[in-house]
Amino acid sequence: MSKIMTVDVLSSIKGAQPSETVNKLFEVIKNADTSNTNTPNTNHNNAVSLDNLREDIVVDSSEAEKQIIIENFPKEKNGYLVVSKVIEE
Amino acid sequence: MDSQIRHIHEQLVGKHITCTELVKGKLEALKPNTHNTVNALLDELALDLAAKVDTKIANGEEIGLLEGIPFGIKDVYMVQGTYTTASSDLLKNYKSAYTATAIQKLLDAGAIPLVKENCDSFGHGSSSENTIFGAVKNAINPELVGGGSSGGSAVNVAKDYTVFSIGGDTGGSIRQPAGYNGVYGLKPTYGRVSRFGLMAYASSTDCVGPIAKSIEDVRIVLNVISGMDGKDQTTYASEGILEESISNVDEIKTVGYFKNFIESEAIDAQVKSDFLATLDKIKAKGITVKALDFFESNTLVSTYYTLAMAETASNLSRLDGTNYGNRIEADNLKETYAVTRSENFSEETKRRIVGGNQVLSQGFSDEIYLKGLNLRDQISENFEHDFKEVDIIISPVTPSTPPKIGDSLKDPLAMYLSDAYTVGFSLGQLPTLTIPQGTETGMQITAAKTNDDLVLTFANFLKDTL
């Protein structure tokens, strides 16, 4: 099944349309000359080395943190988060 | 060396003022919210902490340099139990469940948080007008914008409402408002300060940094907030910068500037002539000044915004009102997401999310997003080449002076282009400091990655030279 995802669907923003202002920025990139480049991928060197990975263990949140998370629930019932029904398409 | 922090520290230790008096005075000054800088006052917390500092002093205990120093926090940082709104409708009632690493380090050092500061919503803007708390007014002329996105933070420092503030800089959001309000603002090297607890805008350029009234205060705060953090694995270990190490300019022999920035038609005539006069003064001190080639402003701005929009579309996709935020119920789950986001995001935030999803979608990603990444690599390579020839690069902060409140919202393209001189250094992840000298909106000093100390050294030199 082929379905075209428009930007309003991709963005979960009703009636969203591509902006002319932003398209002008994209035009600059489209027209930029990147043919003669052989640059190393310098911007992807921020990854942590394997030796420095943190331990893969669960760290329990503090009681205060848990309480605030519950306080932030948009809708709550008996201490549980209430969400809309998930629909299948 | 000028330092408000040292001056207040001496006053506290010498018992010329109590910490409670100090904090009360600052809170009183912030309360009328004359410049729309205040999203929330942390008065109860601040006064409680101030009383503890006073008890320590009264008991003859030693206090640290930052102990009792009042500071402000851009409202995109988590501070446990306080509202963290990102100046947005979506999070206007959101409470932080935990505290950002940089802020925690300041709290551990005894600094006292006073205020969560107004800013552009989610960092989306260059004027601090894109906020539900009212446009931030410039500290020098309140008819003009405060700059952005850390506008509230820069104005609070300029007005002495806070001793220093912690801003966030993704494409110039510390440096530009610092320039617009005549204070210092540092974007450290990417990774020097942990981003944990900073609401993500564009993760590959988001930086945490101080805004203050002196180079020494920038140095003191930077040393406290820097360091490796397991919760942000892009951080690196760094040495503290010593006061004496930034007073000797001898190691700086050559300074570069981008000639296309200065030859641009967009630059204000006064900014240009002031900048050129500054170059002459630097030359007169025996430092070699070298003109450098750089990418056109259009390319820099377009590359930055393309990548930043792609990243913010991903980062903000979590904000759907399910677990937190101002959920607006609709017929089903998808509708609830869509209505919540449509009603709660500002026009500017929506523009950026939509733009980001556009460039990340099939058919566009190759010709725009991947090309943008390629351009970013070229920009970084250009910097690497430049820093083999020069020790420091200086540039104006903005092509022109701050716009009137209301003008940027009418012309978003003009707002994007006003970031032309700041975004390149963000893409390069370089340490860059705005100083309140050189042009009406200040000047930027940039060094190679991790050379934050050199930036402060040159700032010290210019303080005495200009």
# chains A, B, ... in the order shown; residues from 1 in each chain; ligands from 1
$ residues_around --residues "Asp169 in chain B" --least-positions-apart "3" --cutoff "9 Å" --atoms "only C-alpha atoms" --output "VMD selection string"
chain B and resid 123 149 to 150 172 to 175 186 to 187 205 to 209 426
$ write_last_selection --atoms "C-alpha atoms" --output "compact mmCIF listing (two decimals), in the first residue's frame"
# COMPACT_ATOMS: atom_id res chain seq x y z
CA GLY B 123 15.11 28.57 21.37
CA SER B 149 16.96 33.34 21.97
CA SER B 150 18.55 33.93 25.44
CA GLY B 172 24.06 32.44 18.29
CA SER B 173 21.49 32.53 21.10
CA ILE B 174 23.98 33.57 23.78
CA ARG B 175 26.30 35.68 21.65
CA LEU B 186 30.30 32.69 25.81
CA LYS B 187 29.41 29.74 23.65
CA THR B 205 25.10 22.51 18.04
CA ASP B 206 23.30 23.09 21.38
CA CYS B 207 25.72 24.62 23.90
CA VAL B 208 25.39 25.74 27.52
CA GLY B 209 27.22 28.94 28.45
CA SER B 426 28.05 26.88 15.78
$ residues_around --residues "range 328-336 of chain B" --least-positions-apart "4" --cutoff "8 Å" --atoms "only C-alpha atoms" --output "PyMOL selection string"
(chain A and resi 12+83-87) or (chain B and resi 320-321+340)
$ residues_around --residues "Ala102 in chain B" --least-positions-apart "4" --cutoff "12 Å" --atoms "only C-alpha atoms" --output "mmCIF file with C-alpha atoms, in the first residue's frame"
data_model
loop_
_atom_site.group_PDB
_atom_site.id
_atom_site.type_symbol
_atom_site.label_atom_id
_atom_site.label_comp_id
_atom_site.auth_asym_id
_atom_site.auth_seq_id
_atom_site.Cartn_x
_atom_site.Cartn_y
_atom_site.Cartn_z
ATOM 1 C CA ILE B 73 18.532 30.503 34.281
ATOM 2 C CA TYR B 77 16.921 24.240 31.803
ATOM 3 C CA MET B 78 15.507 21.697 34.199
ATOM 4 C CA VAL B 79 15.630 22.644 37.879
ATOM 5 C CA LEU B 106 26.308 25.746 40.203
ATOM 6 C CA LEU B 107 23.949 24.750 43.020
ATOM 7 C CA ASP B 108 26.648 22.470 44.435
ATOM 8 C CA ALA B 109 29.031 25.436 44.358
ATOM 9 C CA ALA B 111 25.227 29.835 43.689
ATOM 10 C CA SER B 165 22.908 34.009 33.805
ATOM 11 C CA ILE B 166 23.081 30.658 32.094
ATOM 12 C CA GLY B 167 21.972 30.896 28.482
ATOM 13 C CA GLY B 168 21.811 28.361 25.685
ATOM 14 C CA GLY B 191 30.903 19.229 24.517
ATOM 15 C CA ARG B 192 32.797 21.242 27.130
ATOM 16 C CA VAL B 193 29.588 21.679 29.164
ATOM 17 C CA SER B 194 27.002 18.939 29.564
ATOM 18 C CA ARG B 195 23.676 19.425 27.783
ATOM 19 C CA PHE B 196 21.881 17.048 30.148
ATOM 20 C CA GLY B 197 18.745 18.809 31.328
ATOM 21 C CA LEU B 198 18.786 21.416 28.568
ATOM 22 C CA CYS B 207 25.725 24.616 23.898
ATOM 23 C CA VAL B 208 25.388 25.741 27.516
ATOM 24 C CA GLY B 209 27.223 28.939 28.446
ATOM 25 C CA PRO B 210 27.464 31.930 30.775
ATOM 26 C CA VAL B 221 31.363 30.172 35.893
ATOM 27 C CA LEU B 222 32.757 28.263 32.916
ATOM 28 C CA ASN B 223 35.191 26.392 35.160
ATOM 29 C CA VAL B 224 32.378 25.296 37.442
ATOM 30 C CA ILE B 225 29.966 24.085 34.761
ATOM 31 C CA SER B 226 32.499 22.344 32.489
ATOM 32 C CA GLY B 227 33.396 18.684 32.528
ATOM 33 C CA MET B 228 32.621 15.191 31.391
ATOM 34 C CA ASP B 229 29.163 13.889 32.196
ATOM 35 C CA LYS B 231 24.514 11.724 31.042
ATOM 36 C CA ASP B 232 25.756 13.574 27.949
ATOM 37 C CA THR B 235 31.068 15.832 26.721
#
$ closest_atom_pairs --of "chain A" --to "chain B" --cutoff "9 Å" --atoms "only C-alpha atoms" --output "tab-separated table"
residue	atom	partner	partner_atom	distance
A:Met5	CA	B:Ser361	CA	8.8
A:Thr6	CA	B:Gln358	CA	8.8
A:Val7	CA	B:Val354	CA	6.1
A:Asp8	CA	B:Val354	CA	7.3
A:Val9	CA	B:Ala338	CA	8.3
A:Leu10	CA	B:Asn357	CA	6.5
A:Ser11	CA	B:Val354	CA	6.0
A:Ser12	CA	B:Ala338	CA	4.5
A:Ile13	CA	B:Ser342	CA	4.9
A:Lys14	CA	B:Ser342	CA	5.9
A:Gly15	CA	B:Ser342	CA	8.7
A:Ala16	CA	B:Val354	CA	7.0
A:Gln17	CA	B:Val354	CA	7.4
A:Pro18	CA	B:Val354	CA	6.5
A:Ser19	CA	B:Arg351	CA	6.6
A:Thr21	CA	B:Leu413	CA	5.9
A:Val22	CA	B:Gly355	CA	6.5
A:Asn23	CA	B:Gly355	CA	8.0
A:Lys24	CA	B:Ser302	CA	8.5
A:Leu25	CA	B:Ser302	CA	4.8
A:Phe26	CA	B:Ile368	CA	6.5
A:Glu27	CA	B:Ile368	CA	8.4
A:Val28	CA	B:Thr299	CA	6.4
A:Ile29	CA	B:Ile368	CA	6.0
A:Lys30	CA	B:Ile368	CA	5.9
A:Ala32	CA	B:Thr299	CA	7.6
A:Asp33	CA	B:Leu375	CA	8.8
A:Thr34	CA	B:Leu375	CA	7.0
A:Thr37	CA	B:Gln378	CA	7.5
A:Asn38	CA	B:Gln378	CA	8.6
A:Thr39	CA	B:Gln378	CA	6.3
A:Pro40	CA	B:Asp377	CA	7.1
A:Asn41	CA	B:Asp377	CA	6.1
A:Thr42	CA	B:Asp377	CA	5.9
A:Asn43	CA	B:Asp377	CA	6.4
A:Asn46	CA	B:Thr234	CA	5.3
A:Ala47	CA	B:Thr234	CA	6.2
A:Val48	CA	B:Gln233	CA	5.8
A:Asn52	CA	B:Gln233	CA	8.6
A:Leu53	CA	B:Gln233	CA	7.9
A:Arg54	CA	B:Gly230	CA	6.3
A:Ala64	CA	B:Ala97	CA	7.5
A:Glu65	CA	B:Ala97	CA	4.8
A:Lys66	CA	B:Ala97	CA	7.4
A:Gln67	CA	B:Ala97	CA	8.1
A:Ile68	CA	B:Ala97	CA	5.3
A:Ile69	CA	B:Ala97	CA	6.1
A:Ile70	CA	B:Asn323	CA	8.8
A:Glu71	CA	B:Lys95	CA	8.0
A:Asn72	CA	B:Tyr324	CA	5.2
A:Phe73	CA	B:Tyr324	CA	5.1
A:Pro74	CA	B:Tyr324	CA	5.5
A:Lys75	CA	B:Arg327	CA	8.4
A:Leu81	CA	B:Asn323	CA	7.3
A:Val82	CA	B:Thr322	CA	8.4
A:Val83	CA	B:Thr322	CA	6.6
A:Ser84	CA	B:Leu333	CA	5.1
A:Lys85	CA	B:Leu333	CA	6.2
A:Val86	CA	B:Leu333	CA	5.8
A:Ile87	CA	B:Leu333	CA	7.2
$ atom_distance --atom1 "CA of Glu67 in chain B" --atom2 "CA of Gly240 in chain B"
18.3 Å
$ residues_around --residues "Ile394 in chain B" --least-positions-apart "2" --cutoff "6 Å" --atoms "only C-alpha atoms" --output "PyMOL selection string"
chain B and resi 257+444-445
$ residues_around --residues "range 435-440 of chain B" --least-positions-apart "2" --cutoff "6 Å" --atoms "only C-alpha atoms" --output "count of residues only"
9
$ residues_around --residues "Arg6 in chain B" --least-positions-apart "3" --cutoff "10 Å" --atoms "only C-alpha atoms" --output "ChimeraX atom specification"
/B:1-3,9-12,65-66,69,216-217,220
$ atom_distance --atom1 "CA of Gly147 in chain B" --atom2 "CA of Tyr421 in chain B"
14.3 Å
$ select_by_dssp --residues "range 306-402 of chain B" --states "alpha helix (DSSP H)" --output "mmCIF file with N, CA and C atoms, in the first residue's frame"
data_model
loop_
_atom_site.group_PDB
_atom_site.id
_atom_site.type_symbol
_atom_site.label_atom_id
_atom_site.label_comp_id
_atom_site.auth_asym_id
_atom_site.auth_seq_id
_atom_site.Cartn_x
_atom_site.Cartn_y
_atom_site.Cartn_z
ATOM 1 N N THR B 306 18.809 24.503 7.832
ATOM 2 C CA THR B 306 18.388 23.200 7.314
ATOM 3 C C THR B 306 18.661 22.110 8.346
ATOM 4 N N LEU B 307 19.866 22.109 8.894
ATOM 5 C CA LEU B 307 20.232 21.052 9.849
ATOM 6 C C LEU B 307 19.506 21.260 11.183
ATOM 7 N N ALA B 308 19.407 22.517 11.619
ATOM 8 C CA ALA B 308 18.745 22.792 12.906
ATOM 9 C C ALA B 308 17.262 22.423 12.833
ATOM 10 N N MET B 309 16.640 22.712 11.704
ATOM 11 C CA MET B 309 15.215 22.369 11.573
ATOM 12 C C MET B 309 15.025 20.851 11.579
ATOM 13 N N ALA B 310 15.913 20.143 10.879
ATOM 14 C CA ALA B 310 15.812 18.678 10.854
ATOM 15 C C ALA B 310 15.939 18.129 12.278
ATOM 16 N N GLU B 311 16.889 18.679 13.025
ATOM 17 C CA GLU B 311 17.104 18.178 14.389
ATOM 18 C C GLU B 311 15.956 18.557 15.320
ATOM 19 N N THR B 312 15.426 19.761 15.146
ATOM 20 C CA THR B 312 14.356 20.166 16.060
ATOM 21 C C THR B 312 13.059 19.429 15.737
ATOM 22 N N ALA B 313 12.851 19.096 14.472
ATOM 23 C CA ALA B 313 11.657 18.304 14.119
ATOM 24 C C ALA B 313 11.707 16.964 14.846
ATOM 25 N N SER B 314 12.901 16.374 14.917
ATOM 26 C CA SER B 314 13.049 15.091 15.621
ATOM 27 C C SER B 314 12.924 15.283 17.128
ATOM 28 N N ASN B 315 13.633 16.286 17.653
ATOM 29 C CA ASN B 315 13.636 16.488 19.107
ATOM 30 C C ASN B 315 12.253 16.840 19.657
ATOM 31 N N LEU B 333 -6.380 9.097 19.236
ATOM 32 C CA LEU B 333 -4.987 9.374 19.622
ATOM 33 C C LEU B 333 -4.295 10.319 18.644
ATOM 34 N N LYS B 334 -4.412 10.005 17.341
ATOM 35 C CA LYS B 334 -3.712 10.817 16.336
ATOM 36 C C LYS B 334 -4.237 12.249 16.321
ATOM 37 N N GLU B 335 -5.561 12.368 16.445
ATOM 38 C CA GLU B 335 -6.150 13.702 16.464
ATOM 39 C C GLU B 335 -5.701 14.473 17.709
ATOM 40 N N THR B 336 -5.605 13.758 18.818
ATOM 41 C CA THR B 336 -5.146 14.395 20.059
ATOM 42 C C THR B 336 -3.730 14.943 19.872
ATOM 43 N N TYR B 337 -2.858 14.112 19.267
ATOM 44 C CA TYR B 337 -1.487 14.594 18.986
ATOM 45 C C TYR B 337 -1.551 15.879 18.155
ATOM 46 N N ALA B 338 -2.300 15.793 17.044
ATOM 47 C CA ALA B 338 -2.284 16.875 16.054
ATOM 48 C C ALA B 338 -2.882 18.167 16.627
ATOM 49 N N VAL B 339 -3.991 18.039 17.341
ATOM 50 C CA VAL B 339 -4.621 19.252 17.888
ATOM 51 C C VAL B 339 -3.728 19.853 18.980
ATOM 52 N N THR B 340 -3.180 18.985 19.829
ATOM 53 C CA THR B 340 -2.294 19.465 20.899
ATOM 54 C C THR B 340 -1.124 20.260 20.314
ATOM 55 N N ARG B 341 -0.502 19.719 19.283
ATOM 56 C CA ARG B 341 0.678 20.377 18.706
ATOM 57 C C ARG B 341 0.285 21.634 17.917
ATOM 58 N N SER B 342 -0.825 21.548 17.194
ATOM 59 C CA SER B 342 -1.252 22.703 16.386
ATOM 60 C C SER B 342 -1.610 23.894 17.255
ATOM 61 N N GLU B 343 -2.294 23.616 18.360
ATOM 62 C CA GLU B 343 -2.777 24.716 19.210
ATOM 63 C C GLU B 343 -1.688 25.266 20.129
ATOM 64 N N ASN B 344 -0.702 24.434 20.462
ATOM 65 C CA ASN B 344 0.257 24.821 21.498
ATOM 66 C C ASN B 344 1.619 25.304 21.006
ATOM 67 N N GLU B 347 3.879 29.878 15.766
ATOM 68 C CA GLU B 347 4.025 29.821 14.301
ATOM 69 C C GLU B 347 5.475 29.530 13.920
ATOM 70 N N GLU B 348 6.418 30.149 14.633
ATOM 71 C CA GLU B 348 7.836 29.955 14.300
ATOM 72 C C GLU B 348 8.253 28.505 14.560
ATOM 73 N N THR B 349 7.803 27.957 15.688
ATOM 74 C CA THR B 349 8.155 26.567 15.993
ATOM 75 C C THR B 349 7.544 25.633 14.951
ATOM 76 N N LYS B 350 6.317 25.891 14.576
ATOM 77 C CA LYS B 350 5.682 25.037 13.555
ATOM 78 C C LYS B 350 6.424 25.137 12.226
ATOM 79 N N ARG B 351 6.827 26.375 11.884
ATOM 80 C CA ARG B 351 7.563 26.561 10.620
ATOM 81 C C ARG B 351 8.831 25.697 10.630
ATOM 82 N N ARG B 352 9.507 25.664 11.765
ATOM 83 C CA ARG B 352 10.773 24.914 11.826
ATOM 84 C C ARG B 352 10.534 23.402 11.835
ATOM 85 N N ILE B 353 9.504 22.960 12.541
ATOM 86 C CA ILE B 353 9.207 21.525 12.568
ATOM 87 C C ILE B 353 8.825 21.051 11.160
ATOM 88 N N VAL B 354 7.972 21.808 10.495
ATOM 89 C CA VAL B 354 7.533 21.426 9.150
ATOM 90 C C VAL B 354 8.731 21.433 8.192
ATOM 91 N N GLY B 355 9.556 22.464 8.279
ATOM 92 C CA GLY B 355 10.754 22.521 7.442
ATOM 93 C C GLY B 355 11.653 21.324 7.690
ATOM 94 N N GLY B 356 11.809 20.963 8.942
ATOM 95 C CA GLY B 356 12.662 19.820 9.299
ATOM 96 C C GLY B 356 12.111 18.524 8.751
ATOM 97 N N ASN B 357 10.814 18.325 8.861
ATOM 98 C CA ASN B 357 10.229 17.091 8.327
ATOM 99 C C ASN B 357 10.288 17.059 6.804
ATOM 100 N N GLN B 358 10.209 18.253 6.204
ATOM 101 C CA GLN B 358 10.354 18.333 4.747
ATOM 102 C C GLN B 358 11.724 17.802 4.315
ATOM 103 N N VAL B 359 12.787 18.314 4.941
ATOM 104 C CA VAL B 359 14.132 17.924 4.489
ATOM 105 C C VAL B 359 14.499 16.496 4.865
ATOM 106 N N LEU B 360 13.809 15.962 5.853
ATOM 107 C CA LEU B 360 14.138 14.576 6.239
ATOM 108 C C LEU B 360 13.316 13.556 5.457
ATOM 109 N N LYS B 371 23.115 17.124 1.599
ATOM 110 C CA LYS B 371 23.964 18.177 1.039
ATOM 111 C C LYS B 371 24.316 19.204 2.127
ATOM 112 N N GLY B 372 23.359 19.452 2.992
ATOM 113 C CA GLY B 372 23.614 20.361 4.126
ATOM 114 C C GLY B 372 24.712 19.804 5.021
ATOM 115 N N LEU B 373 24.661 18.496 5.275
ATOM 116 C CA LEU B 373 25.708 17.868 6.098
ATOM 117 C C LEU B 373 27.074 17.985 5.423
ATOM 118 N N ASN B 374 27.059 17.798 4.093
ATOM 119 C CA ASN B 374 28.297 17.917 3.338
ATOM 120 C C ASN B 374 28.860 19.343 3.457
ATOM 121 N N LEU B 375 27.977 20.329 3.329
ATOM 122 C CA LEU B 375 28.433 21.725 3.464
ATOM 123 C C LEU B 375 28.998 21.981 4.849
ATOM 124 N N ARG B 376 28.357 21.383 5.859
ATOM 125 C CA ARG B 376 28.854 21.570 7.226
ATOM 126 C C ARG B 376 30.272 21.009 7.357
ATOM 127 N N ASP B 377 30.502 19.872 6.742
ATOM 128 C CA ASP B 377 31.851 19.301 6.786
ATOM 129 C C ASP B 377 32.860 20.228 6.104
ATOM 130 N N GLN B 378 32.425 20.825 4.991
ATOM 131 C CA GLN B 378 33.328 21.773 4.304
ATOM 132 C C GLN B 378 33.630 22.986 5.195
ATOM 133 N N ILE B 379 32.585 23.456 5.898
ATOM 134 C CA ILE B 379 32.773 24.621 6.787
ATOM 135 C C ILE B 379 33.770 24.269 7.896
ATOM 136 N N SER B 380 33.618 23.063 8.464
ATOM 137 C CA SER B 380 34.538 22.627 9.522
ATOM 138 C C SER B 380 35.957 22.511 8.995
ATOM 139 N N GLU B 381 36.072 21.987 7.785
ATOM 140 C CA GLU B 381 37.410 21.827 7.204
ATOM 141 C C GLU B 381 38.047 23.202 6.959
ATOM 142 N N ASN B 382 37.206 24.146 6.519
ATOM 143 C CA ASN B 382 37.671 25.512 6.298
ATOM 144 C C ASN B 382 38.257 26.093 7.598
ATOM 145 N N PHE B 383 37.544 25.855 8.712
ATOM 146 C CA PHE B 383 38.023 26.353 10.014
ATOM 147 C C PHE B 383 39.358 25.691 10.368
ATOM 148 N N GLU B 384 39.437 24.383 10.147
ATOM 149 C CA GLU B 384 40.688 23.687 10.501
ATOM 150 C C GLU B 384 41.860 24.277 9.743
ATOM 151 N N HIS B 385 41.620 24.565 8.477
ATOM 152 C CA HIS B 385 42.654 25.174 7.644
ATOM 153 C C HIS B 385 43.004 26.570 8.177
ATOM 154 N N ASP B 386 41.974 27.365 8.500
ATOM 155 C CA ASP B 386 42.203 28.734 8.993
ATOM 156 C C ASP B 386 43.039 28.734 10.273
ATOM 157 N N PHE B 387 42.724 27.791 11.171
ATOM 158 C CA PHE B 387 43.427 27.817 12.463
ATOM 159 C C PHE B 387 44.853 27.245 12.383
ATOM 160 N N LYS B 388 45.251 26.837 11.178
ATOM 161 C CA LYS B 388 46.681 26.534 10.976
ATOM 162 C C LYS B 388 47.407 27.838 10.670
ATOM 163 N N GLU B 389 46.663 28.852 10.218
ATOM 164 C CA GLU B 389 47.281 30.122 9.817
ATOM 165 C C GLU B 389 47.089 31.248 10.833
#
$ select_by_dssp --residues "chain A" --states "strand (DSSP E)" --output "PyMOL selection string"
chain A and resi 76-77+80-81
$ residues_around --residues "Lys285 in chain B" --least-positions-apart "4" --cutoff "12 Å" --atoms "only C-alpha atoms" --output "MDAnalysis selection string"
chainID B and resid 249:250 252:255 278:281 289 461:462 464:466
$ write_last_selection --atoms "C-alpha atoms" --output "compact mmCIF listing (two decimals), in the first residue's frame"
# COMPACT_ATOMS: atom_id res chain seq x y z
CA VAL B 249 48.57 37.61 25.05
CA ASP B 250 52.09 36.78 23.81
CA ILE B 252 48.59 35.22 20.01
CA LYS B 253 50.57 36.33 16.98
CA THR B 254 48.04 36.32 14.15
CA VAL B 255 44.37 37.25 14.06
CA THR B 278 39.30 47.75 15.66
CA LEU B 279 41.47 45.83 13.20
CA ASP B 280 43.74 48.87 12.95
CA LYS B 281 44.11 49.06 16.72
CA VAL B 289 45.90 40.68 10.93
CA PHE B 461 43.84 41.94 25.61
CA LEU B 462 41.05 43.74 23.74
CA ASP B 464 42.75 46.95 27.58
CA THR B 465 43.37 47.82 23.92
CA LEU B 466 40.05 49.14 22.60
